[in-house]
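**Q** Contents are compact mmCIF, C-alpha atoms; file name start.txt:
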# COMPACT_ATOMS: atom_id res chain seq x y z
CA MET A 1 191.59 -23.13 -95.83
CA ALA A 2 189.64 -20.42 -94.03
CA ALA A 3 189.50 -20.18 -90.27
CA SER A 4 186.38 -21.21 -88.43
CA VAL A 5 185.37 -18.73 -85.79
CA LYS A 6 183.63 -19.94 -82.67
CA ASP A 7 180.81 -18.07 -80.96
CA SER A 8 183.15 -15.94 -78.94
CA PRO A 9 185.10 -13.56 -81.13
CA ASN A 10 188.16 -14.40 -79.04
CA ASP A 11 187.92 -18.08 -79.74
CA ILE A 12 189.66 -18.82 -83.01
CA SER A 13 190.77 -22.18 -84.17
CA SER A 14 192.86 -22.11 -87.31
CA ASN A 15 192.96 -24.75 -90.00
CA GLY A 16 196.15 -23.30 -91.41
CA LYS A 17 198.73 -25.68 -92.73
CA ASP A 18 201.71 -24.17 -91.00
CA THR A 19 203.32 -25.98 -88.10
CA ASP A 20 202.81 -23.05 -85.74
CA GLY A 21 199.03 -23.28 -86.22
CA GLN A 22 199.00 -20.01 -88.14
CA TRP A 23 198.26 -19.36 -91.76
CA SER A 24 201.33 -19.33 -93.97
CA LEU A 25 203.71 -16.39 -93.79
CA TRP A 26 204.13 -13.85 -96.59
CA GLU A 27 206.79 -11.16 -96.83
CA VAL A 28 205.53 -7.75 -97.85
CA PHE A 29 207.39 -5.25 -100.06
CA THR A 30 206.01 -1.77 -100.59
CA GLN A 31 206.97 0.85 -103.12
CA PRO A 32 206.78 4.33 -101.59
CA GLY A 33 206.57 6.14 -104.93
CA LYS A 34 206.68 5.57 -108.67
CA GLY A 35 210.19 4.68 -109.76
CA ALA A 36 211.36 3.91 -106.23
CA PRO A 37 212.40 0.36 -105.40
CA HIS A 38 210.10 -1.96 -103.47
CA GLU A 39 211.34 -2.25 -99.92
CA HIS A 40 210.68 -4.86 -97.30
CA ALA A 41 207.94 -3.58 -95.00
CA GLY A 42 207.21 -6.63 -92.86
CA SER A 43 205.17 -9.79 -93.05
CA VAL A 44 201.57 -11.00 -92.79
CA HIS A 45 199.81 -14.31 -92.33
CA ALA A 46 197.33 -15.29 -95.05
CA THR A 47 195.59 -18.26 -96.62
CA ASP A 48 196.55 -17.45 -100.22
CA ALA A 49 197.99 -14.79 -102.50
CA GLU A 50 194.92 -12.53 -102.82
CA HIS A 51 194.35 -12.74 -99.07
CA ALA A 52 198.02 -11.89 -98.46
CA LEU A 53 197.76 -8.87 -100.76
CA GLN A 54 194.69 -7.58 -98.92
CA ASN A 55 196.25 -8.11 -95.50
CA ALA A 56 199.42 -6.37 -96.65
CA ARG A 57 197.35 -3.45 -97.91
CA ASP A 58 195.50 -3.19 -94.60
CA VAL A 59 198.55 -3.52 -92.38
CA TYR A 60 201.27 -1.70 -94.33
CA ALA A 61 199.58 0.69 -96.74
CA ARG A 62 196.62 2.13 -94.92
CA ARG A 63 198.16 5.55 -94.34
CA GLY A 64 199.17 6.20 -97.93
CA GLU A 65 202.66 4.72 -97.59
CA ALA A 66 202.67 2.81 -100.87
CA VAL A 67 201.77 3.00 -104.54
CA SER A 68 202.44 -0.70 -105.14
CA ILE A 69 202.73 -3.85 -103.04
CA TRP A 70 204.47 -7.17 -103.61
CA VAL A 71 203.76 -10.19 -101.46
CA VAL A 72 206.05 -13.22 -101.57
CA PRO A 73 205.62 -16.55 -99.78
CA ALA A 74 208.25 -16.41 -97.04
CA ASP A 75 209.31 -20.00 -97.71
CA VAL A 76 210.42 -19.26 -101.30
CA ILE A 77 212.91 -16.64 -100.16
CA VAL A 78 216.45 -17.98 -100.16
CA ALA A 79 218.54 -16.16 -97.57
CA SER A 80 222.22 -16.14 -96.72
CA ALA A 81 223.04 -17.62 -93.34
CA PRO A 82 224.61 -15.52 -90.57
CA GLY A 83 227.67 -17.81 -90.85
CA ASP A 84 228.08 -16.74 -94.47
CA ALA A 85 228.60 -13.13 -93.46
CA GLY A 86 232.41 -13.33 -93.42
CA PRO A 87 233.03 -14.94 -96.81
CA PHE A 88 230.10 -13.14 -98.42
CA PHE A 89 230.59 -9.58 -97.30
CA ASP A 90 234.02 -8.95 -95.83
CA PRO A 91 235.86 -8.88 -99.19
CA GLY A 92 233.65 -5.99 -100.25
CA ASN A 93 234.53 -3.88 -97.25
CA ASP A 94 238.28 -3.46 -97.65
CA LYS A 95 238.49 -2.68 -101.36
CA ALA A 96 237.72 0.99 -101.49
CA TYR A 97 238.29 1.08 -105.26
CA ARG A 98 235.12 -0.92 -105.70
CA HIS A 99 233.07 1.92 -104.30
CA PRO A 100 231.99 4.62 -106.72
CA GLN A 101 232.75 7.47 -104.34
CA PHE A 102 235.52 8.90 -106.53
CA TYR A 103 232.96 10.31 -108.91
CA LYS A 104 231.21 13.57 -108.38
CA VAL A 105 227.49 13.24 -108.79
CA PRO A 106 226.36 15.94 -111.22
CA ARG A 107 223.92 18.39 -109.80
CA GLY A 108 220.31 17.51 -110.52
CA VAL A 109 220.87 13.77 -110.49
CA ARG A 110 218.60 12.10 -107.98
CA VAL A 111 220.28 9.69 -105.60
CA PHE A 112 218.10 7.06 -103.97
CA MET B 1 154.23 12.42 -85.25
CA MET B 2 154.83 14.91 -87.98
CA VAL B 3 156.13 18.34 -87.16
CA GLN B 4 155.43 20.92 -89.79
CA GLN B 5 158.65 22.67 -90.77
CA THR B 6 158.91 25.14 -93.56
CA THR B 7 162.37 26.57 -93.92
CA PRO B 8 162.86 30.01 -95.44
CA GLU B 9 164.76 28.39 -98.31
CA ALA B 10 161.87 26.10 -99.03
CA ALA B 11 159.47 29.02 -99.05
CA VAL B 12 161.66 30.88 -101.52
CA SER B 13 162.46 27.99 -103.83
CA GLY B 14 159.08 26.34 -103.58
CA VAL B 15 160.74 23.04 -102.63
CA THR B 16 158.43 20.77 -100.71
CA THR B 17 159.63 19.78 -97.25
CA ALA B 18 159.71 16.19 -96.07
CA ALA B 19 157.08 17.08 -93.50
CA GLU B 20 154.73 18.25 -96.23
CA LEU B 21 155.41 15.11 -98.18
CA ASN B 22 154.22 13.16 -95.16
CA VAL B 23 156.18 9.96 -95.69
CA ALA B 24 153.65 7.41 -94.50
CA GLY B 25 154.29 6.03 -91.05
CA THR B 26 157.41 8.00 -90.22
CA ARG B 27 158.17 8.17 -86.51
CA GLY B 28 159.80 11.14 -84.91
CA PRO B 29 160.07 14.58 -86.44
CA SER B 30 161.22 14.85 -90.02
CA PHE B 31 164.17 16.96 -91.00
CA GLY B 32 163.01 19.66 -93.31
CA GLU B 33 163.78 19.36 -96.98
CA PRO B 34 163.82 15.92 -98.61
CA ILE B 35 167.55 16.19 -99.38
CA VAL B 36 168.25 16.32 -95.63
CA GLU B 37 166.28 13.12 -95.03
CA TYR B 38 168.02 11.59 -98.03
CA LEU B 39 171.49 12.44 -96.69
CA LEU B 40 170.58 11.15 -93.24
CA ARG B 41 169.62 7.79 -94.75
CA LEU B 42 173.00 7.54 -96.44
CA GLY B 43 174.93 8.88 -93.47
CA ASP B 44 173.14 6.82 -90.82
CA ASP B 45 173.71 3.57 -92.75
CA ARG B 46 177.45 4.18 -92.64
CA LEU B 47 177.57 5.52 -89.09
CA ILE B 48 175.72 2.55 -87.59
CA LEU B 49 177.53 -0.06 -89.68
CA GLY B 50 180.86 1.62 -88.89
CA HIS B 51 180.06 1.39 -85.19
CA ARG B 52 179.06 -2.26 -85.48
CA LEU B 53 182.35 -3.04 -87.23
CA SER B 54 184.33 -1.08 -84.65
CA GLU B 55 183.03 -3.55 -82.04
CA TRP B 56 185.48 -6.04 -83.56
CA CYS B 57 188.46 -3.89 -82.64
CA GLY B 58 190.67 -6.07 -80.46
CA HIS B 59 188.48 -9.12 -81.13
CA GLY B 60 189.30 -9.91 -84.78
CA PRO B 61 190.04 -13.54 -85.63
CA ILE B 62 193.65 -12.64 -86.49
CA LEU B 63 195.66 -9.45 -86.15
CA GLU B 64 195.56 -8.65 -89.87
CA GLU B 65 191.78 -9.00 -90.00
CA ASP B 66 191.36 -6.99 -86.82
CA ILE B 67 193.20 -4.13 -88.51
CA ALA B 68 191.23 -4.60 -91.75
CA LEU B 69 187.86 -4.40 -89.98
CA ALA B 70 188.94 -1.33 -88.00
CA ASN B 71 190.11 0.33 -91.25
CA ILE B 72 186.76 -0.30 -92.88
CA ALA B 73 184.93 0.94 -89.79
CA LEU B 74 186.93 4.17 -89.96
CA ASP B 75 186.18 4.59 -93.67
CA LEU B 76 182.47 4.20 -92.98
CA VAL B 77 182.43 6.60 -90.04
CA GLY B 78 184.45 9.06 -92.15
CA ALA B 79 181.90 8.86 -94.95
CA SER B 80 179.04 9.31 -92.47
CA SER B 81 180.78 12.35 -91.04
CA MET B 82 180.80 14.00 -94.49
CA LEU B 83 177.19 13.01 -95.23
CA LEU B 84 175.84 14.11 -91.86
CA GLY B 85 177.91 17.29 -92.07
CA LEU B 86 176.26 18.15 -95.37
CA ALA B 87 172.84 17.18 -93.98
CA GLY B 88 173.36 19.52 -91.02
CA GLU B 89 174.46 22.34 -93.31
CA LEU B 90 171.41 21.97 -95.54
CA GLU B 91 169.11 21.58 -92.56
CA GLY B 92 170.23 25.05 -91.46
CA LYS B 93 169.68 24.53 -87.74
CA ASP B 94 173.30 24.86 -86.72
CA ARG B 95 173.75 21.13 -86.19
CA ASP B 96 177.05 19.61 -87.28
CA ALA B 97 177.82 15.94 -87.93
CA ASP B 98 178.53 15.31 -84.23
CA ALA B 99 175.25 16.86 -83.14
CA LEU B 100 173.36 14.67 -85.60
CA ALA B 101 175.30 11.53 -84.67
CA PHE B 102 175.20 11.86 -80.90
CA PHE B 103 172.11 13.86 -80.04
CA ARG B 104 169.33 12.18 -81.99
CA GLU B 105 167.04 9.49 -80.58
CA GLY B 106 166.52 6.09 -82.18
CA VAL B 107 163.29 7.10 -83.95
CA GLN B 108 165.18 9.92 -85.64
CA TYR B 109 167.70 7.52 -87.20
CA ARG B 110 167.13 6.74 -90.86
CA ASN B 111 169.48 3.77 -91.38
CA ALA B 112 168.30 0.52 -92.96
CA LEU B 113 167.67 -2.27 -90.43
CA ILE B 114 170.42 -4.52 -91.81
CA VAL B 115 173.22 -2.33 -90.44
CA GLU B 116 171.95 -2.22 -86.85
CA LEU B 117 171.72 -5.99 -86.29
CA PRO B 118 174.24 -7.24 -83.70
CA ARG B 119 177.60 -8.21 -85.16
CA GLY B 120 177.09 -11.95 -84.58
CA ASP B 121 180.00 -14.24 -85.41
CA PHE B 122 182.68 -13.40 -87.97
CA GLY B 123 180.69 -15.11 -90.74
CA PHE B 124 177.63 -12.97 -89.98
CA THR B 125 179.68 -9.77 -89.91
CA ILE B 126 181.32 -10.62 -93.23
CA MET B 127 178.07 -11.61 -94.94
CA ARG B 128 176.31 -8.44 -93.77
CA GLN B 129 179.32 -6.41 -94.88
CA PHE B 130 179.32 -8.07 -98.30
CA LEU B 131 175.59 -7.48 -98.91
CA PHE B 132 175.97 -3.85 -97.84
CA ASP B 133 179.24 -3.23 -99.70
CA ALA B 134 177.72 -4.43 -102.96
CA TYR B 135 174.72 -2.13 -102.38
CA SER B 136 176.98 0.76 -101.44
CA VAL B 137 179.22 0.41 -104.49
CA VAL B 138 176.36 0.38 -107.00
CA THR B 139 174.62 3.26 -105.20
CA LEU B 140 177.67 5.50 -104.78
CA ASP B 141 178.69 4.79 -108.37
CA ALA B 142 175.35 6.24 -109.49
CA LEU B 143 175.44 9.12 -106.99
CA ALA B 144 178.96 10.12 -108.06
CA SER B 145 177.47 11.42 -111.30
CA CYS B 146 174.24 12.83 -109.89
CA GLY B 147 173.24 16.47 -110.25
CA HIS B 148 173.82 17.42 -106.60
CA ALA B 149 177.43 18.61 -106.54
CA GLY B 150 178.03 18.21 -102.80
CA LEU B 151 176.67 14.69 -102.64
CA ALA B 152 178.39 13.70 -105.90
CA ALA B 153 181.78 14.73 -104.48
CA ILE B 154 181.27 12.71 -101.28
CA ALA B 155 180.06 9.70 -103.29
CA ALA B 156 183.09 9.80 -105.60
CA LYS B 157 185.46 9.85 -102.63
CA SER B 158 183.67 7.08 -100.74
CA LEU B 159 183.28 4.93 -103.85
CA LYS B 160 187.03 4.29 -103.98
CA GLU B 161 187.01 3.08 -100.39
CA ASP B 162 183.90 1.00 -100.84
CA LYS B 163 185.29 -0.78 -103.88
CA TYR B 164 188.06 -2.04 -101.63
CA HIS B 165 185.55 -2.98 -98.91
CA LEU B 166 183.64 -5.03 -101.46
CA ARG B 167 186.79 -6.77 -102.63
CA HIS B 168 187.68 -7.60 -99.02
CA SER B 169 184.25 -8.92 -98.04
CA SER B 170 183.73 -10.81 -101.34
CA GLU B 171 186.98 -12.71 -100.92
CA TRP B 172 186.03 -13.65 -97.37
CA VAL B 173 182.54 -14.81 -98.39
CA VAL B 174 184.12 -17.11 -100.98
CA ARG B 175 186.67 -18.46 -98.50
CA LEU B 176 184.12 -19.07 -95.75
CA GLY B 177 181.42 -20.42 -98.06
CA ASP B 178 183.78 -22.69 -99.95
CA GLY B 179 185.90 -23.43 -96.88
CA THR B 180 185.21 -26.04 -94.22
CA GLU B 181 181.81 -27.59 -93.50
CA GLU B 182 181.66 -25.50 -90.33
CA SER B 183 182.44 -22.20 -92.05
CA HIS B 184 180.04 -23.01 -94.90
CA ASN B 185 177.17 -23.76 -92.52
CA ARG B 186 177.76 -20.65 -90.47
CA VAL B 187 177.94 -18.28 -93.39
CA GLN B 188 174.93 -19.91 -95.09
CA ALA B 189 172.94 -19.47 -91.85
CA SER B 190 174.02 -15.82 -91.80
CA LEU B 191 172.86 -15.36 -95.39
CA ASN B 192 169.49 -16.97 -94.55
CA GLU B 193 169.03 -14.60 -91.64
CA LEU B 194 170.21 -11.47 -93.46
CA TRP B 195 168.41 -11.91 -96.76
CA ARG B 196 165.12 -10.52 -95.48
CA TYR B 197 166.84 -7.23 -94.68
CA THR B 198 168.13 -6.65 -98.21
CA GLY B 199 164.81 -5.57 -99.74
CA GLU B 200 164.80 -2.35 -97.74
CA LEU B 201 168.02 -1.21 -99.41
CA PHE B 202 166.20 -0.84 -102.73
CA GLU B 203 162.91 0.59 -101.49
CA ARG B 204 161.69 3.76 -103.08
CA ASP B 205 159.43 6.31 -101.45
CA THR B 206 158.37 9.95 -101.75
CA ILE B 207 161.78 11.18 -100.52
CA ASP B 208 163.50 9.47 -103.47
CA GLU B 209 161.05 11.11 -105.84
CA ALA B 210 161.35 14.53 -104.22
CA VAL B 211 165.15 14.70 -104.43
CA ALA B 212 164.86 14.59 -108.21
CA ALA B 213 164.28 18.35 -107.80
CA VAL B 214 167.91 18.74 -106.65
CA GLY B 215 169.33 16.46 -109.34
CA ILE B 216 169.27 13.05 -107.63
CA THR B 217 167.51 10.53 -109.81
CA LEU B 218 168.55 6.96 -109.11
CA ASP B 219 167.00 4.08 -110.99
CA ARG B 220 166.50 1.71 -108.06
CA ASP B 221 165.48 -1.19 -110.29
CA ALA B 222 168.66 -0.87 -112.34
CA LEU B 223 170.73 -0.63 -109.15
CA HIS B 224 168.96 -3.69 -107.75
CA ALA B 225 169.77 -5.64 -110.90
CA LYS B 226 173.44 -4.64 -110.70
CA TRP B 227 173.53 -5.59 -107.02
CA GLU B 228 171.94 -8.96 -107.74
CA SER B 229 174.49 -9.68 -110.41
CA ILE B 230 177.41 -8.99 -108.01
CA VAL B 231 175.77 -10.95 -105.20
CA ASN B 232 174.83 -13.92 -107.38
CA ASP B 233 178.32 -14.16 -108.81
CA VAL B 234 180.08 -14.16 -105.42
CA LEU B 235 177.55 -16.44 -103.70
CA GLN B 236 177.86 -18.92 -106.54
CA ARG B 237 181.65 -18.98 -106.17
CA ALA B 238 181.12 -19.40 -102.44
CA THR B 239 178.75 -22.39 -103.03
CA LEU B 240 176.05 -20.56 -101.06
CA THR B 241 172.32 -20.56 -101.79
CA ILE B 242 170.00 -17.55 -101.67
CA PRO B 243 166.92 -18.34 -99.54
CA GLU B 244 163.68 -18.72 -101.48
CA LYS B 245 160.63 -16.49 -101.14
CA THR B 246 161.42 -14.20 -98.25
CA VAL B 247 159.16 -11.56 -96.73
CA MET B 248 161.29 -8.44 -96.64
CA ALA B 249 161.63 -6.44 -93.42
CA SER B 250 161.29 -2.68 -93.60
CA GLY B 251 160.97 0.44 -91.45
CA GLY B 252 164.43 1.83 -90.76
CA ARG B 253 164.08 4.64 -93.31
CA ARG B 254 161.00 5.82 -91.40
CA GLY B 255 162.54 5.56 -87.93
CA ARG B 256 160.99 2.17 -87.09
CA HIS B 257 163.94 0.19 -85.83
CA THR B 258 164.71 -3.13 -84.20
CA GLU B 259 165.38 -3.28 -80.47
CA HIS B 260 169.10 -3.47 -81.25
CA LEU B 261 169.50 0.17 -82.32
CA GLY B 262 168.71 1.58 -78.87
CA HIS B 263 171.41 -0.54 -77.25
CA LEU B 264 173.92 0.49 -79.89
CA LEU B 265 173.10 4.19 -79.46
CA SER B 266 173.37 4.00 -75.68
CA VAL B 267 176.98 2.89 -76.11
CA MET B 268 177.86 5.07 -79.10
CA GLN B 269 176.36 8.26 -77.67
CA SER B 270 177.32 7.85 -74.01
CA VAL B 271 180.60 9.78 -74.05
CA ALA B 272 179.29 12.68 -76.13
CA ARG B 273 176.26 12.96 -73.86
CA ALA B 274 178.24 12.71 -70.62
CA HIS B 275 180.65 15.41 -71.79
CA PRO B 276 178.80 17.59 -74.32
CA GLY B 277 181.13 19.68 -76.44
CA ALA B 278 184.26 18.03 -75.04
CA THR B 279 187.34 18.09 -77.26
CA TRP B 280 190.73 16.42 -77.10
So, in terms of structure tokens, how does the structure I just supplied come out?
**A**
Amino acid sequence: MAASVKDSPNDISSNGKDTDGQWSLWEVFTQPGKGAPHEHAGSVHATDAEHALQNARDVYARRGEAVSIWVVPADVIVASAPGDAGPFFDPGNDKAYRHPQFYKVPRGVRVF
Amino acid sequence: MMVQQTTPEAAVSGVTTAAELNVAGTRGPSFGEPIVEYLLRLGDDRLILGHRLSEWCGHGPILEEDIALANIALDLVGASSMLLGLAGELEGKDRDADALAFFREGVQYRNALIVELPRGDFGFTIMRQFLFDAYSVVTLDALASCGHAGLAAIAAKSLKEDKYHLRHSSEWVVRLGDGTEESHNRVQASLNELWRYTGELFERDTIDEAVAAVGITLDRDALHAKWESIVNDVLQRATLTIPEKTVMASGGRRGRHTEHLGHLLSVMQSVARAHPGATW
């Protein structure tokens, strides 16, 4: 679970379960302000959820960048493959009528 | 050696100076009014521990932890800067936080011994940090509502940071203690070595009594009980055992330090002393 640190601070042997010898990978999402969406900030290695949350706080929120943090085990994220890009996204690009740009945004409405 | 110092303020207000109080066995000159000594104790704890933690910068066991330790070191040095700044102001000798941090000798430092011990391995650093964080949280929590407005404001600000420090070190103590046989043995050995330095954190002397005059009245016994409850809870989760019957070390508050402080100061003060007044 936790790493054992040898006498020299440089000498670290990890007991992590991952194949690369590191602790497992967690993706970090930070919310820059109340009401704003959580956005992907990066990733951290950690032994468990609480540890991941602390590492995310220290790496991605130490200069006041966030009001909330999500951490998600990287291996539970299901992602589209680069080969899917054509069938997934091309149809959306050439149908202008699907885009809501024909509407005027009333003054005072906040656009994210 | 005691140097008699009576500041004009003290003469007007009738406040007793630390020198007049004659804290038994203090080495080096004292610093005027008791509140100045009191602030130096708080500030020096955080300055020295912050420096010890900063020694991990670039040597942390993993990148994330390297950053975490450096963050905490910065928080502690930041808190010490405010505390020493206020001490310098109240001392009234035109010394700012930098002057107090970089141009005092070892015997003039008022930190507890636990913070000056070498950083050891990661387990030792984390255990020391945990024992101190728990002490700091209960102490700052009480100081945040004390009658000294300047100190109360600093305590309230630092308390938020220290609550996070405690969360960070507690989680690590549990993981190391309840981790592998190797990590358990190392962190238990660290606890055995550090325990004798915890008594000093809750000592009470004439300075503590004298600062009641400026609105600082901490109930050390109550704070000790709160500290013990935090420590017992985490150590139990970490499957660690508190050493039995320990003779407690003492002396830091009176300028009687271990050999380690001098070495630390020679590094920490070298740049400021080589280039006095330099800015960048």
**Q** Can you work out which one of B:Ser170, B:Ser229, B:Thr217, B:Gln129 has the shortest atom-to-atom distance to Glu50 of chain A, counting only C-alpha atoms?
**A** B:Ser170
**Q** With all atoms listed in the file counted, which protein, DNA or RNA residues have an atom no more than 8 Å from (175.5, 1.2, -93.0) in the file frame? Please answer as a list in words.
**A** Leu42, Gly43, Asp44, Asp45, Arg46, Leu47, Ile48, Leu49, Gly50, Leu76, Asn111, Ala112, Ile114, Val115, Glu116 and Phe132 of chain B
**Q** Can you find the residues with an atom no farther than 8 Å from (182.4, 6.5, -102.0), counting only C-alpha atoms, and report them as a tab-separated table (two decimals) with C-alpha atoms, keeping the file's coordinate frame?
**A**
chain	number	residue	atom	x	y	z
B	79	ALA	CA	181.90	8.86	-94.95
B	136	SER	CA	176.98	0.76	-101.44
B	137	VAL	CA	179.22	0.41	-104.49
B	140	LEU	CA	177.67	5.50	-104.78
B	141	ASP	CA	178.69	4.79	-108.37
B	144	ALA	CA	178.96	10.12	-108.06
B	154	ILE	CA	181.27	12.71	-101.28
B	155	ALA	CA	180.06	9.70	-103.29
B	156	ALA	CA	183.09	9.80	-105.60
B	157	LYS	CA	185.46	9.85	-102.63
B	158	SER	CA	183.67	7.08	-100.74
B	159	LEU	CA	183.28	4.93	-103.85
B	160	LYS	CA	187.03	4.29	-103.98
B	161	GLU	CA	187.01	3.08	-100.39
B	162	ASP	CA	183.90	1.00	-100.84
**Q** Find the spatial neighbours of segment 103-110 of chain A, counting only C-alpha atoms, within a cut-off of 12 Å - ignore same-chain residues fewer than 4 positions away - and output them as a list in words.
**A**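 Those residues are Gly35, Ala36, Tyr97, Arg98 and His99 of chain A.
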**Q** Show me which bits of chain B are within 6 Å of chain A, counting all atoms listed in the file, as a VMD selection string.
**A** chain B and resid 59 61 64 68 121 175 to 176 179 183
**Q** Closest to Ile77 of chain A among A:Glu65, A:Glu27, A:Gly21, A:Phe89, using all atoms listed in the file?
**A** A:Glu27
**Q** I'd like the contact shell of Gly123 of chain B - 10 Å cut-off, only C-alpha atoms, skipping same-chain residues fewer than 3 positions apart - returned as a short mmCIF file (atom, residue, chain, number, x, y, z; two decimals) with C-alpha atoms, in the coordinates of the input.
**A**
data_model
loop_
_atom_site.label_atom_id
_atom_site.label_comp_id
_atom_site.auth_asym_id
_atom_site.auth_seq_id
_atom_site.Cartn_x
_atom_site.Cartn_y
_atom_site.Cartn_z
CA SER A 4 186.38 -21.21 -88.43
CA VAL A 5 185.37 -18.73 -85.79
CA LYS A 6 183.63 -19.94 -82.67
CA ARG B 119 177.60 -8.21 -85.16
CA GLY B 120 177.09 -11.95 -84.58
CA ILE B 126 181.32 -10.62 -93.23
CA MET B 127 178.07 -11.61 -94.94
CA ARG B 128 176.31 -8.44 -93.77
CA GLN B 129 179.32 -6.41 -94.88
CA TRP B 172 186.03 -13.65 -97.37
CA VAL B 173 182.54 -14.81 -98.39
CA LEU B 176 184.12 -19.07 -95.75
CA GLY B 177 181.42 -20.42 -98.06
CA SER B 183 182.44 -22.20 -92.05
CA HIS B 184 180.04 -23.01 -94.90
CA ASN B 185 177.17 -23.76 -92.52
CA ARG B 186 177.76 -20.65 -90.47
CA VAL B 187 177.94 -18.28 -93.39
CA GLN B 188 174.93 -19.91 -95.09
CA ALA B 189 172.94 -19.47 -91.85
CA SER B 190 174.02 -15.82 -91.80
CA LEU B 191 172.86 -15.36 -95.39
#
**Q** Point out the residue among B:Ala152, B:Ala99, B:Ala213, B:Ala249 with the least atom-to-atom distance to Arg273 of chain B, counting all atoms listed in the file.
**A**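 Going through B:Ala152, B:Ala99, B:Ala213, B:Ala249 one by one, the smallest distance to Arg273 of chain B is for B:Ala99.
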**Q** Pick out the closest residue to Asp221 of chain B from this set: B:Gly251, B:Val138, B:Ala153, B:Ser80. Count only C-alpha atoms.
**A**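 Residue with the minimum atom-to-atom distance to Asp221 of chain B: B:Val138.
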**Q** Quote the spacing between atom CA of Gly106 of chain B and atom CA of Leu90 of chain B in Å to one decimal place.
**A** 21.3 Å
**Q** Which value, in Å to one decimal, gives the distance between atom CA of Asp178 of chain B and atom CA of Thr241 of chain B?
**A** 11.8 Å
**Q** Expressed in Å to a single decimal, how great is the separation between atom CA of Met268 of chain B and atom CA of Leu53 of chain B?
**A**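 According to the coordinates, atom CA of Met268 of chain B and atom CA of Leu53 of chain B are separated by 12.3 Å.
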**Q** Taking 5 positions as the minimum chain separation for residues in the same chain, which residues sit within 10 Å of Thr139 of chain B when counting all atoms listed in the file? Answer as a list in words.
**A** Leu42, Asp133, Ala134, Ala144, Ala155, Leu159, Leu201, Phe202, Leu218, Asp219, Arg220, Leu223, His224, Lys226 and Trp227 of chain B
**Q** Next, the residues of the selection above should be written as a PDB file, keeping the file's coordinate frame with C-alpha atoms.
**A**
ATOM      1  CA  LEU B  42     173.000   7.540 -96.440  1.00  0.00           C
ATOM      2  CA  ASP B 133     179.240  -3.230 -99.700  1.00  0.00           C
ATOM      3  CA  ALA B 134     177.720  -4.430-102.960  1.00  0.00           C
ATOM      4  CA  ALA B 144     178.960  10.120-108.060  1.00  0.00           C
ATOM      5  CA  ALA B 155     180.060   9.700-103.290  1.00  0.00           C
ATOM      6  CA  LEU B 159     183.280   4.930-103.850  1.00  0.00           C
ATOM      7  CA  LEU B 201     168.020  -1.210 -99.410  1.00  0.00           C
ATOM      8  CA  PHE B 202     166.200  -0.840-102.730  1.00  0.00           C
ATOM      9  CA  LEU B 218     168.550   6.960-109.110  1.00  0.00           C
ATOM     10  CA  ASP B 219     167.000   4.080-110.990  1.00  0.00           C
ATOM     11  CA  ARG B 220     166.500   1.710-108.060  1.00  0.00           C
ATOM     12  CA  LEU B 223     170.730  -0.630-109.150  1.00  0.00           C
ATOM     13  CA  HIS B 224     168.960  -3.690-107.750  1.00  0.00           C
ATOM     14  CA  LYS B 226     173.440  -4.640-110.700  1.00  0.00           C
ATOM     15  CA  TRP B 227     173.530  -5.590-107.020  1.00  0.00           C
TER      16      TRP B 227
END
